[in-house]
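Data file: start-v1.tsv. Format and content: TSV, C-alpha atoms.
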chain	number	residue	atom	x	y	z
A	161	MET	CA	-3.98	17.98	13.73
A	162	VAL	CA	-7.51	16.58	13.42
A	163	THR	CA	-10.08	18.27	11.21
A	164	ASN	CA	-13.74	17.34	10.97
A	165	VAL	CA	-15.44	16.85	7.60
A	166	LEU	CA	-19.20	16.31	7.43
A	167	MET	CA	-20.31	13.82	4.76
A	168	LYS	CA	-23.93	13.06	3.82
A	169	CYS	CA	-24.87	9.72	2.30
A	170	GLY	CA	-26.75	10.33	-0.94
A	171	VAL	CA	-28.99	7.31	-0.37
A	172	CYS	CA	-30.21	7.47	3.25
A	173	GLU	CA	-29.00	11.05	3.96
A	174	SER	CA	-27.22	10.02	7.15
A	175	VAL	CA	-24.60	12.57	8.17
A	176	ILE	CA	-21.16	11.15	8.98
A	177	ASN	CA	-18.51	13.17	10.79
A	178	LEU	CA	-15.22	12.19	9.20
A	179	LYS	CA	-12.51	12.87	11.79
A	180	TRP	CA	-9.42	13.29	9.62
A	181	GLN	CA	-6.03	12.96	11.30
A	182	VAL	CA	-4.07	15.09	8.85
A	183	GLY	CA	-0.70	13.56	8.05
A	184	HIS	CA	2.17	13.80	5.60
A	185	VAL	CA	0.72	11.97	2.57
A	186	GLU	CA	-0.48	14.40	-0.09
A	187	GLU	CA	-3.35	12.26	-1.43
A	188	THR	CA	-5.17	9.65	0.65
A	189	PRO	CA	-7.94	7.55	-0.94
A	190	VAL	CA	-10.73	6.70	1.53
A	191	CYS	CA	-13.55	4.19	1.20
A	192	ILE	CA	-16.16	3.78	3.94
A	193	ILE	CA	-19.47	1.96	4.11
A	194	CYS	CA	-22.50	3.89	5.31
A	195	PRO	CA	-23.68	2.02	8.44
A	196	GLU	CA	-27.31	2.96	7.76
A	197	CYS	CA	-27.80	1.69	4.19
A	198	ARG	CA	-24.47	-0.05	3.39
A	199	THR	CA	-23.71	2.26	0.45
A	200	THR	CA	-20.04	2.60	-0.51
A	201	LEU	CA	-18.71	6.15	-0.17
A	202	LYS	CA	-15.39	7.00	-1.84
A	203	PHE	CA	-13.33	10.17	-1.78
A	204	VAL	CA	-9.74	11.42	-1.72
A	205	LEU	CA	-8.29	13.61	1.04
A	206	MET	CA	-5.61	15.99	-0.24
A	207	VAL	CA	-2.96	17.95	1.63
A	208	TYR	CA	-0.88	20.58	-0.19
A	209	ASP	CA	1.15	22.75	2.16
A	210	GLU	CA	-1.54	24.10	4.52
A	211	ASP	CA	-4.42	23.64	2.06
A	212	LEU	CA	-6.78	20.76	2.97
A	213	THR	CA	-9.29	19.65	0.34
A	214	ILE	CA	-11.54	16.67	-0.37
A	215	ASP	CA	-12.31	15.20	-3.78
A	216	ILE	CA	-15.54	13.21	-3.94
A	217	LYS	CA	-15.07	10.13	-6.15
A	218	THR	CA	-18.64	8.86	-5.93
A	219	LYS	CA	-22.06	10.41	-6.45
A	220	SER	CA	-23.26	8.53	-3.38
A	221	ALA	CA	-21.86	11.13	-0.98
A	222	ILE	CA	-21.68	14.90	-0.70
A	223	GLN	CA	-19.79	17.19	1.65
A	224	VAL	CA	-22.04	19.30	3.86
A	225	TYR	CA	-21.31	22.09	6.30
A	226	ASP	CA	-24.08	21.68	8.87
A	227	GLY	CA	-26.25	18.97	10.33
A	228	ILE	CA	-26.11	16.62	13.30
A	229	PRO	CA	-23.92	13.59	12.56
A	230	LYS	CA	-25.38	10.19	13.31
A	231	TYR	CA	-22.09	8.36	12.78
A	232	PHE	CA	-18.42	9.13	13.28
A	233	ALA	CA	-15.52	7.77	11.24
A	234	GLU	CA	-11.80	8.25	11.74
A	235	THR	CA	-9.30	8.29	8.87
A	236	SER	CA	-5.56	8.73	8.60
A	237	SER	CA	-2.92	8.23	5.93
A	238	GLU	CA	-0.46	6.70	8.38
A	239	LEU	CA	-2.08	5.71	11.70
A	240	LEU	CA	-4.51	3.02	12.81
A	241	THR	CA	-8.05	4.29	13.28
A	242	PHE	CA	-11.35	3.09	14.70
A	243	LYS	CA	-13.95	1.71	12.35
A	244	ILE	CA	-17.00	3.84	11.68
A	245	LYS	CA	-19.27	3.94	14.73
A	246	ASN	CA	-21.75	6.06	16.61
A	247	GLN	CA	-21.00	8.98	18.91
A	248	PRO	CA	-20.68	7.28	22.35
A	249	SER	CA	-17.86	5.03	21.09
A	250	ILE	CA	-15.36	7.82	20.35
A	251	LYS	CA	-13.87	9.87	23.19
A	252	PRO	CA	-13.54	13.57	22.34
A	253	GLY	CA	-9.90	14.59	21.90
A	254	TYR	CA	-8.60	11.01	21.93
A	255	THR	CA	-7.04	11.14	18.46
A	256	PRO	CA	-5.25	8.40	16.45
A	257	PHE	CA	-1.95	10.20	17.14
A	258	ILE	CA	-2.50	10.20	20.91
A	259	ARG	CA	-3.58	6.53	20.94
A	260	THR	CA	-0.66	5.41	18.76
A	261	SER	CA	2.00	7.34	20.70
A	262	GLN	CA	0.62	5.99	24.00
A	263	MET	CA	0.50	2.43	22.65
A	264	MET	CA	4.03	2.47	21.16
A	265	GLY	CA	5.71	4.82	23.54
A	266	LEU	CA	7.09	8.18	22.44
A	267	GLY	CA	10.56	6.86	21.51
A	268	LYS	CA	9.26	4.02	19.34
A	269	TYR	CA	6.66	6.28	17.76
A	270	GLU	CA	9.37	8.73	16.71
A	271	MET	CA	11.29	5.85	15.10
A	272	TYR	CA	8.13	4.69	13.34
A	273	GLN	CA	7.38	8.20	12.10
A	274	LYS	CA	10.93	8.58	10.77
A	275	ARG	CA	10.65	5.31	8.82
A	276	PHE	CA	7.20	6.21	7.55
A	277	LEU	CA	8.29	9.61	6.27
A	278	LEU	CA	11.28	7.98	4.58
A	279	GLY	CA	8.87	5.57	2.87
A	280	VAL	CA	6.67	8.46	1.74
A	281	GLN	CA	9.67	10.21	0.22
A	282	ILE	CA	10.92	7.05	-1.51
A	283	ARG	CA	7.50	6.38	-3.00
A	284	LYS	CA	7.22	9.96	-4.25
A	285	GLU	CA	10.63	9.83	-5.95
A	286	PHE	CA	10.78	6.28	-7.31
A	287	ASN	CA	7.30	4.76	-7.50
A	288	HIS	CA	6.68	6.02	-11.05
A	289	ILE	CA	9.81	4.12	-12.17
A	290	PHE	CA	8.63	0.98	-10.36
A	291	GLN	CA	5.22	1.30	-12.02
A	292	ARG	CA	6.43	1.80	-15.58
A	293	ILE	CA	8.99	-1.03	-15.44
A	294	ASN	CA	6.41	-3.49	-14.14
A	295	GLU	CA	3.80	-2.27	-16.62
A	296	LEU	CA	6.25	-2.96	-19.46
A	297	TYR	CA	6.72	-6.45	-18.02
A	298	MET	CA	2.99	-7.06	-17.67
A	299	ASN	CA	2.43	-5.86	-21.25
A	300	GLY	CA	5.16	-8.13	-22.60
A	301	ASN	CA	7.12	-5.19	-24.02
A	302	THR	CA	10.58	-6.77	-23.71
A	303	GLU	CA	12.35	-4.24	-25.96
A	304	PHE	CA	11.70	-1.20	-23.77
A	305	LEU	CA	11.67	-3.28	-20.58
A	306	SER	CA	15.25	-4.34	-21.32
A	307	LYS	CA	16.32	-0.73	-21.83
A	308	GLU	CA	14.69	0.40	-18.58
A	309	LEU	CA	16.20	-2.47	-16.59
A	310	VAL	CA	19.68	-1.72	-17.95
A	311	LYS	CA	19.21	1.96	-17.16
A	312	TYR	CA	18.49	1.23	-13.48
A	313	SER	CA	20.76	-1.79	-13.10
A	314	SER	CA	23.90	-1.68	-10.95
A	315	THR	CA	25.79	-3.81	-13.51
A	316	ALA	CA	26.76	-2.75	-17.02
A	317	SER	CA	25.10	-4.69	-19.84
A	318	ASP	CA	23.68	-4.30	-23.33
A	319	ALA	CA	19.88	-4.21	-23.50
A	320	LYS	CA	19.87	-5.96	-26.90
A	321	SER	CA	21.81	-8.92	-25.55
A	322	LEU	CA	19.54	-9.69	-22.60
A	323	SER	CA	17.94	-13.13	-22.68
A	324	ASP	CA	14.54	-13.86	-21.16
A	325	ILE	CA	16.31	-15.24	-18.07
A	326	ASP	CA	18.47	-12.11	-17.81
A	327	ILE	CA	15.35	-9.92	-17.97
A	328	THR	CA	13.63	-11.99	-15.27
A	329	LYS	CA	16.68	-11.78	-12.99
A	330	LYS	CA	17.11	-8.03	-13.45
A	331	LEU	CA	13.40	-7.43	-12.88
A	332	TYR	CA	13.52	-9.53	-9.71
A	333	PHE	CA	16.53	-7.66	-8.30
A	334	PHE	CA	15.07	-4.30	-9.30
A	335	ASN	CA	11.77	-5.01	-7.51
A	336	ILE	CA	13.47	-6.45	-4.43
A	337	SER	CA	15.83	-3.47	-4.26
A	338	TYR	CA	12.90	-1.03	-4.44
A	339	LEU	CA	10.70	-2.83	-1.91
A	340	ASN	CA	13.64	-3.35	0.44
A	341	LYS	CA	13.86	0.42	0.90
A	342	PHE	CA	10.62	0.30	2.92
A	343	PHE	CA	11.92	-2.23	5.46
A	344	LYS	CA	14.47	-2.02	8.23
A	345	LYS	CA	17.89	-3.07	7.03
A	346	GLY	CA	18.09	-6.84	6.68
A	347	VAL	CA	14.42	-7.59	7.44
A	348	LEU	CA	13.43	-8.56	3.89
A	349	GLY	CA	16.53	-10.74	3.54
A	350	GLN	CA	15.76	-12.52	6.81
A	351	LEU	CA	12.19	-13.13	5.69
A	352	ASN	CA	13.42	-14.56	2.38
A	353	ASP	CA	15.87	-16.86	4.21
A	354	THR	CA	13.06	-18.13	6.46
A	355	ILE	CA	10.83	-18.89	3.47
A	356	LEU	CA	13.65	-20.74	1.69
A	357	GLU	CA	14.35	-22.75	4.84
A	358	TYR	CA	10.70	-23.82	5.10
A	359	MET	CA	10.69	-24.72	1.41
A	360	LYS	CA	13.81	-26.84	1.94
A	361	VAL	CA	12.15	-28.72	4.84
A	362	LEU	CA	9.05	-29.28	2.71
A	363	ARG	CA	11.12	-30.49	-0.27
A	364	GLU	CA	13.20	-32.92	1.81
A	365	ASN	CA	10.55	-34.28	4.19
A	366	LYS	CA	7.29	-33.93	2.24
A	367	LYS	CA	8.34	-34.47	-1.37
A	368	PHE	CA	4.85	-35.42	-2.57
A	369	LEU	CA	3.33	-32.27	-1.03
A	370	TYR	CA	6.19	-30.20	-2.41
A	371	ASP	CA	5.70	-31.54	-5.94
A	372	THR	CA	1.94	-31.05	-5.65
A	373	PHE	CA	2.52	-27.47	-4.54
A	374	LEU	CA	4.73	-26.76	-7.56
A	375	ILE	CA	2.23	-28.30	-9.98
A	376	ASN	CA	-0.88	-26.63	-8.54
A	377	VAL	CA	0.45	-23.25	-7.42
A	378	CYS	CA	3.64	-22.49	-9.32
A	379	THR	CA	2.57	-22.71	-12.94
A	380	ASP	CA	3.63	-19.86	-15.25
A	381	GLU	CA	0.02	-18.72	-15.59
A	382	LYS	CA	-0.67	-18.63	-11.85
A	383	LEU	CA	2.63	-16.97	-11.00
A	384	PHE	CA	1.93	-14.26	-13.57
A	385	ASP	CA	-1.57	-13.81	-12.12
A	386	TYR	CA	-0.08	-13.46	-8.61
A	387	GLU	CA	2.35	-10.87	-9.93
A	388	LYS	CA	-0.45	-8.84	-11.53
A	389	LYS	CA	-2.45	-8.86	-8.29
A	390	LEU	CA	0.60	-7.86	-6.24
A	391	ILE	CA	1.51	-4.96	-8.54
A	392	ARG	CA	-2.13	-3.79	-8.54
A	393	VAL	CA	-2.22	-3.76	-4.72
A	394	ILE	CA	1.13	-1.94	-4.45
A	395	ASN	CA	-0.01	0.72	-6.93
A	396	MET	CA	-3.36	1.41	-5.24
For this file, write the structure as structure tokens.
Amino acid sequence: MVTNVLMKCGVCESVINLKWQVGHVEETPVCIICPECRTTLKFVLMVYDEDLTIDIKTKSAIQVYDGIPKYFAETSSELLTFKIKNQPSIKPGYTPFIRTSQMMGLGKYEMYQKRFLLGVQIRKEFNHIFQRINELYMNGNTEFLSKELVKYSSTASDAKSLSDIDITKKLYFFNISYLNKFFKKGVLGQLNDTILEYMKVLRENKKFLYDTFLINVCTDEKLFDYEKKLIRVINM
């Protein structure tokens, strides 16, 4: 189902018709740039049962109920959409769902939808655990991090006896196990094997470049910074 939401830019007062392909995600953050004045407009689209609402997160936009839109923008929690554009560029009735199902084919789209809904369910049930464990790690709270890792570990161990290396290993396997749920079976493992194979080739044939890479990219400080950025992106 597609519903139309009229948004007015608070700076230039351009009216934008937000064509919302309603999906299965309860809360979808949206950020668009007004084509007229380049102002950032942020809001959250919310779906609860059959109730559709919009939460404006910026004072630069307001929802209106009349007016002639100058621009049209598509949005969806799960499908690819066109960038914001003017009226002649969007064909009436040609929705993100129709385009995606035609592009993928009905059979492949049904497989994609099944995997996507599984991912939505997994995130709803387990993402808060993923967040709190990684927040404990980022905050350096090893006491409670150890307890949480033991609680969700597949192997029996005593939280008080975990060394720093044990904590790192358990955190690694916990994160990989969680993220692996979003991929087809074996895909993440194959990707990891490919990366390790390339690293082996680099180490054996380009030792100077390999050593330079370790020194410049793989310091404790930079790896921790990469981890923080990755966790921030995952939790957006």
Could you check how far CA of Ser314 (chain A) sits from CA of Asn287 (chain A), in Å to one decimal?
-> 18.1 Å
State, in Å with one decimal place, the distance from CA of Ile293 (chain A) to CA of Leu383 (chain A).
-> 17.7 Å
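Atom pair CA of Lys230 (chain A) / CA of Asn177 (chain A) has a distance of 7.9 Å (rounded to one decimal).
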One residue among A:Ser306, A:Thr188, A:Asn365, A:Gln262 is nearest to Ile325 (chain A) when using all atoms listed in the file, and that residue is A:Ser306
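With all atoms listed in the file as the atoms that count, the minimum distance from Pro189 (chain A) to the choices A:Ile228, A:Glu173, A:Ser337, A:Ser236 is reached by A:Ser236.
Distances here use all atoms listed in the file; by that measure, the residue among A:Ile192, A:Val204, A:Met271, A:Ile222 closest to Glu234 (chain A) is A:Ile192.
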